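Undergrad: Take this structure first; my questions come after.
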Number of protein chains: 4
Amino acid sequence: VASLEDLTNRMRDFTQARDWGRFHDLKSLTLALAGEVGEVAELVQWLPAERATTADDGLRDRLADELADVLLYLVRLADVAGVDLGAAALDKLARNDERFPVTTFRSIAPEAR
Amino acid sequence: VASLEDLTNRMRDFTQARDWGRFHDLKSLTLALAGEVGEVAELVQWLPAERATTADDGLRDRLADELADVLLYLVRLADVAGVDLGAAALDKLARNDERFPVTTFRSIAPEAR
Amino acid sequence: VASLEDLTNRMRDFTQARDWGRFHDLKSLTLALAGEVGEVAELVQWLPAERATTADDGLRDRLADELADVLLYLVRLADVAGVDLGAAALDKLARNDERFPVTTFRSIAPEAR
Amino acid sequence: VASLEDLTNRMRDFTQARDWGRFHDLKSLTLALAGEVGEVAELVQWLPAERATTADDGLRDRLADELADVLLYLVRLADVAGVDLGAAALDKLARNDERFPVTTFRSIAPEAR
């Protein structure tokens with residue numbers, strides 16, 4: 001099982017072994033992240049709404065590939081920015097629990113806040 | 001320390017407690033992911049190139065917040081798609097090691113492949 | 001009525017008057033474009049599928065605002081890149097007509113190519 | 001010379017001829033837009049900062065192709081949303097002139113507002 005720290009370290013090693021650190025500034029990595037999210041978008045964009053609640057085997061495999069790319073650039077970007085991604089996510093979860101109380105938001109879309 | 005499984009489970013619980021599963025189809029979650037990556041982009045877009053290699057304290061805090069949102073929607077999207085995100089990332093790392101041999105790609109940008 | 005040339009010229013004048021040309025490189029403008037598309041995504045992400053075929057007055061006004069931002073950064077990016085955006089669009093339309101013949105693609109989603 | 005109205009009408013005709021209107025809801029078209037912006041991002045992501053101020057011939061041609069796709073989905077999305085894109089852009093330009101007075105913002109990046 002891969003932890004966020006493992007993935008972060010492996011991406012850092014991968015980058016250093018190829019001397020790619022010069023390419024990995026905040027703007028370039030954010031563009032790479034947008035590029036990979038764009039590939040995810042292309043996989044799902046024309047799915048009929050009623051078939052978008054789950055992924056069949058073929059779509060799941062292609063999504064796995066693209067979602068992995070998103071995650072790898074995400075941990076790399078966090079590393080370069082000095083962000084502890086796991087801690088930031090836990091912090092955000094705690095704040096979301098307060099921001100969207102279950103009793104108020106049950107069945108109401110989040111933007112109705 | 002948060003694992004991807006922890007975050008996945010916490011997002012699933014968060015969603016179920018609010019009955020928000022109806023909103024979390026593949027297309028809607030990909031749009032949410034694009035929205036959060038857009039917020040990351042807005043944080044770094046006008047940084048002068050020479051200041052984009054690292055983040056000062058203020059930028060790091062704002063990036064932590066937005067990168068956390070990206071991660072949370074990413075694990076949620078993977079969960080709905082039936083994708084094991086950690087396994088997919090490890091698989092991708094292994095393939096990238098083969099695809100970009102150190103001796104060939106040292107100091108050469110990846111798109112030069 | 002605004003033409004693409006008008007908008008391009010007005011964005012160029014706007015940029016020069018503020019000496020913002022230094023910020024308008026290809027990477028920064030692409031990040032700005034991704035940021036604005038992210039704002040569009042946030043406007044539509046939780047729309048129920050059956051309500052996403054059209055926009056009511058409130059959504060239309062907010063979309064007008066964000067789609068305008070997308071267009072303005074798009075014409076600015078094309079200008080910096082030396083691309084004639086109108087000619088490129090006409091060229092793409094002509095190629096799409098050949099790539100997706102009506103008789104073959106009628107009612108079949110484009111990715112089924 | 002192509003006007004926004006021409007492009008809008010041609011995309012509408014293209015869509016109707018293939019009976020693709022069913023695919024062109026607000027969420028699907030926004031995903032398509034994010035996908036095309038992602039392709040632009042992939043073209044510029046690893047450009048060294050000092051080479052990102054302009055595009056050489058090869059990059060310009062590839063950017064022309066992708067920026068055209070962005071524009072075509074943008075006019076299609078505006079059409080489905082009932083947005084007059086040219087009018088919205090002119091309106092935004094007028095508001096930007098007021099929001100960023102030349103004397104205040106000369107040489108200062110826009111996010112310093």
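Naming scheme: A, B, ... for chains in displayed order of the structure tokens; residues 1 onward per chain; ligands 1 onward as shown.
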Near Arg10 in chain D, within 10 Å and counting only C-alpha atoms, which residues show up once chain neighbours fewer than 6 positions away are dropped, as a PyMOL selection string?

TA: (chain C and resi 90+93) or (chain D and resi 4+16+72+75-76)

Undergrad: Go ahead and align chain A to chain B (same sequence, so just pair every C-alpha in order, least squares) and export the moved chain as a short mmCIF file (atom, residue, chain, number, x, y, z; two decimals) with C-alpha atoms, in the first residue's frame.

TA:
```cif
data_model
loop_
_atom_site.label_atom_id
_atom_site.label_comp_id
_atom_site.auth_asym_id
_atom_site.auth_seq_id
_atom_site.Cartn_x
_atom_site.Cartn_y
_atom_site.Cartn_z
CA VAL A 1 -0.68 10.57 9.19
CA ALA A 2 -3.49 10.21 6.67
CA SER A 3 -3.40 7.35 4.16
CA LEU A 4 -5.26 7.45 0.85
CA GLU A 5 -7.59 4.80 2.28
CA ASP A 6 -8.34 6.96 5.32
CA LEU A 7 -9.10 9.96 3.15
CA THR A 8 -11.24 7.86 0.82
CA ASN A 9 -13.25 6.47 3.72
CA ARG A 10 -13.66 9.84 5.35
CA MET A 11 -14.90 11.41 2.11
CA ARG A 12 -17.30 8.50 1.64
CA ASP A 13 -18.66 8.92 5.17
CA PHE A 14 -18.89 12.69 4.74
CA THR A 15 -20.86 12.20 1.53
CA GLN A 16 -23.22 9.57 2.93
CA ALA A 17 -23.96 11.56 6.10
CA ARG A 18 -25.22 14.44 3.91
CA ASP A 19 -26.86 12.18 1.29
CA TRP A 20 -24.66 13.86 -1.33
CA GLY A 21 -24.01 10.64 -3.25
CA ARG A 22 -26.56 11.74 -5.83
CA PHE A 23 -24.31 14.68 -6.74
CA HIS A 24 -21.13 12.60 -6.94
CA ASP A 25 -21.23 11.12 -10.42
CA LEU A 26 -18.08 10.95 -12.56
CA LYS A 27 -18.84 14.08 -14.56
CA SER A 28 -19.76 16.30 -11.61
CA LEU A 29 -16.70 15.22 -9.62
CA THR A 30 -14.41 15.82 -12.60
CA LEU A 31 -15.87 19.33 -12.90
CA ALA A 32 -15.23 19.84 -9.18
CA LEU A 33 -11.65 18.65 -9.70
CA ALA A 34 -11.20 21.09 -12.61
CA GLY A 35 -12.65 23.84 -10.44
CA GLU A 36 -10.14 23.22 -7.65
CA VAL A 37 -7.18 22.96 -10.04
CA GLY A 38 -8.40 26.28 -11.44
CA GLU A 39 -8.08 27.77 -7.96
CA VAL A 40 -4.51 26.48 -7.72
CA ALA A 41 -3.81 28.06 -11.12
CA GLU A 42 -5.14 31.41 -9.91
CA LEU A 43 -2.72 31.32 -6.97
CA VAL A 44 0.38 30.90 -9.15
CA GLN A 45 -0.53 32.43 -12.51
CA TRP A 46 1.15 35.83 -12.14
CA LEU A 47 4.15 34.69 -10.09
CA PRO A 48 7.34 35.89 -11.80
CA ALA A 49 9.18 32.83 -13.10
CA GLU A 50 12.14 33.40 -10.79
CA ARG A 51 9.83 33.35 -7.76
CA ALA A 52 7.94 30.22 -8.83
CA THR A 53 10.53 27.70 -7.67
CA THR A 54 9.28 27.78 -4.09
CA ALA A 55 6.39 29.18 -2.05
CA ASP A 56 6.68 31.76 0.70
CA ASP A 57 4.60 31.26 3.87
CA GLY A 58 1.49 33.05 2.65
CA LEU A 59 1.40 31.28 -0.69
CA ARG A 60 2.17 27.93 0.93
CA ASP A 61 -0.84 28.23 3.23
CA ARG A 62 -3.18 29.12 0.40
CA LEU A 63 -1.75 26.35 -1.77
CA ALA A 64 -2.17 23.85 1.11
CA ASP A 65 -5.84 24.74 1.23
CA GLU A 66 -6.44 24.34 -2.51
CA LEU A 67 -4.21 21.28 -2.97
CA ALA A 68 -6.18 19.61 -0.17
CA ASP A 69 -9.40 20.26 -2.09
CA VAL A 70 -7.86 18.74 -5.21
CA LEU A 71 -6.82 15.65 -3.26
CA LEU A 72 -10.19 15.21 -1.58
CA TYR A 73 -12.13 15.38 -4.85
CA LEU A 74 -9.52 13.12 -6.46
CA VAL A 75 -9.93 10.35 -3.87
CA ARG A 76 -13.70 10.74 -4.07
CA LEU A 77 -13.68 10.47 -7.87
CA ALA A 78 -11.43 7.40 -7.71
CA ASP A 79 -13.76 5.83 -5.15
CA VAL A 80 -16.85 6.37 -7.31
CA ALA A 81 -15.00 5.04 -10.36
CA GLY A 82 -13.87 1.94 -8.47
CA VAL A 83 -10.20 2.86 -8.90
CA ASP A 84 -7.56 1.91 -6.30
CA LEU A 85 -5.70 5.20 -6.51
CA GLY A 86 -2.59 4.14 -4.56
CA ALA A 87 -2.15 0.99 -6.63
CA ALA A 88 -2.69 2.95 -9.84
CA ALA A 89 -0.03 5.47 -8.80
CA LEU A 90 2.52 2.75 -7.98
CA ASP A 91 1.77 1.08 -11.30
CA LYS A 92 2.29 4.36 -13.11
CA LEU A 93 5.56 5.03 -11.31
CA ALA A 94 6.85 1.62 -12.41
CA ARG A 95 5.89 2.31 -16.01
CA ASN A 96 7.41 5.80 -15.92
CA ASP A 97 10.70 4.29 -14.75
CA GLU A 98 10.73 2.14 -17.89
CA ARG A 99 9.44 4.83 -20.19
CA PHE A 100 11.98 7.47 -19.15
CA PRO A 101 15.31 5.67 -18.61
CA VAL A 102 17.67 7.76 -16.51
CA THR A 103 20.53 7.52 -18.99
CA THR A 104 18.41 8.77 -21.90
CA PHE A 105 16.40 11.46 -20.18
CA ARG A 106 18.86 13.00 -17.81
CA SER A 107 18.35 16.80 -18.05
CA ILE A 108 16.07 16.45 -21.09
CA ALA A 109 12.50 17.65 -20.65
CA PRO A 110 9.97 14.81 -20.72
CA GLU A 111 8.17 15.99 -23.84
CA ALA A 112 11.41 15.43 -25.78
CA ARG A 113 10.56 11.71 -25.73
#
```

Undergrad: Would you mind writing down, as a CSV table (one decimal) with C-alpha atoms, in the first residue's frame, each residue of range 39-68 of chain B that DSSP on the backbone assigns to helix (DSSP H, G or I)?

TA:
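Writing done, so here's selection34.csv:
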```
chain,number,residue,atom,x,y,z
B,39,GLU,CA,-8.1,27.8,-8.0
B,40,VAL,CA,-4.5,26.5,-7.7
B,41,ALA,CA,-3.8,28.1,-11.1
B,42,GLU,CA,-5.1,31.4,-9.9
B,43,LEU,CA,-2.7,31.3,-7.0
B,44,VAL,CA,0.4,30.9,-9.1
B,49,ALA,CA,9.2,32.8,-13.1
B,50,GLU,CA,12.1,33.4,-10.8
B,51,ARG,CA,9.8,33.4,-7.8
B,57,ASP,CA,4.6,31.3,3.9
B,58,GLY,CA,1.5,33.1,2.6
B,59,LEU,CA,1.4,31.3,-0.7
B,60,ARG,CA,2.2,27.9,0.9
B,61,ASP,CA,-0.8,28.2,3.2
B,62,ARG,CA,-3.2,29.1,0.4
B,63,LEU,CA,-1.7,26.3,-1.8
B,64,ALA,CA,-2.2,23.9,1.1
B,65,ASP,CA,-5.8,24.7,1.2
B,66,GLU,CA,-6.4,24.3,-2.5
B,67,LEU,CA,-4.2,21.3,-3.0
B,68,ALA,CA,-6.2,19.6,-0.2
```
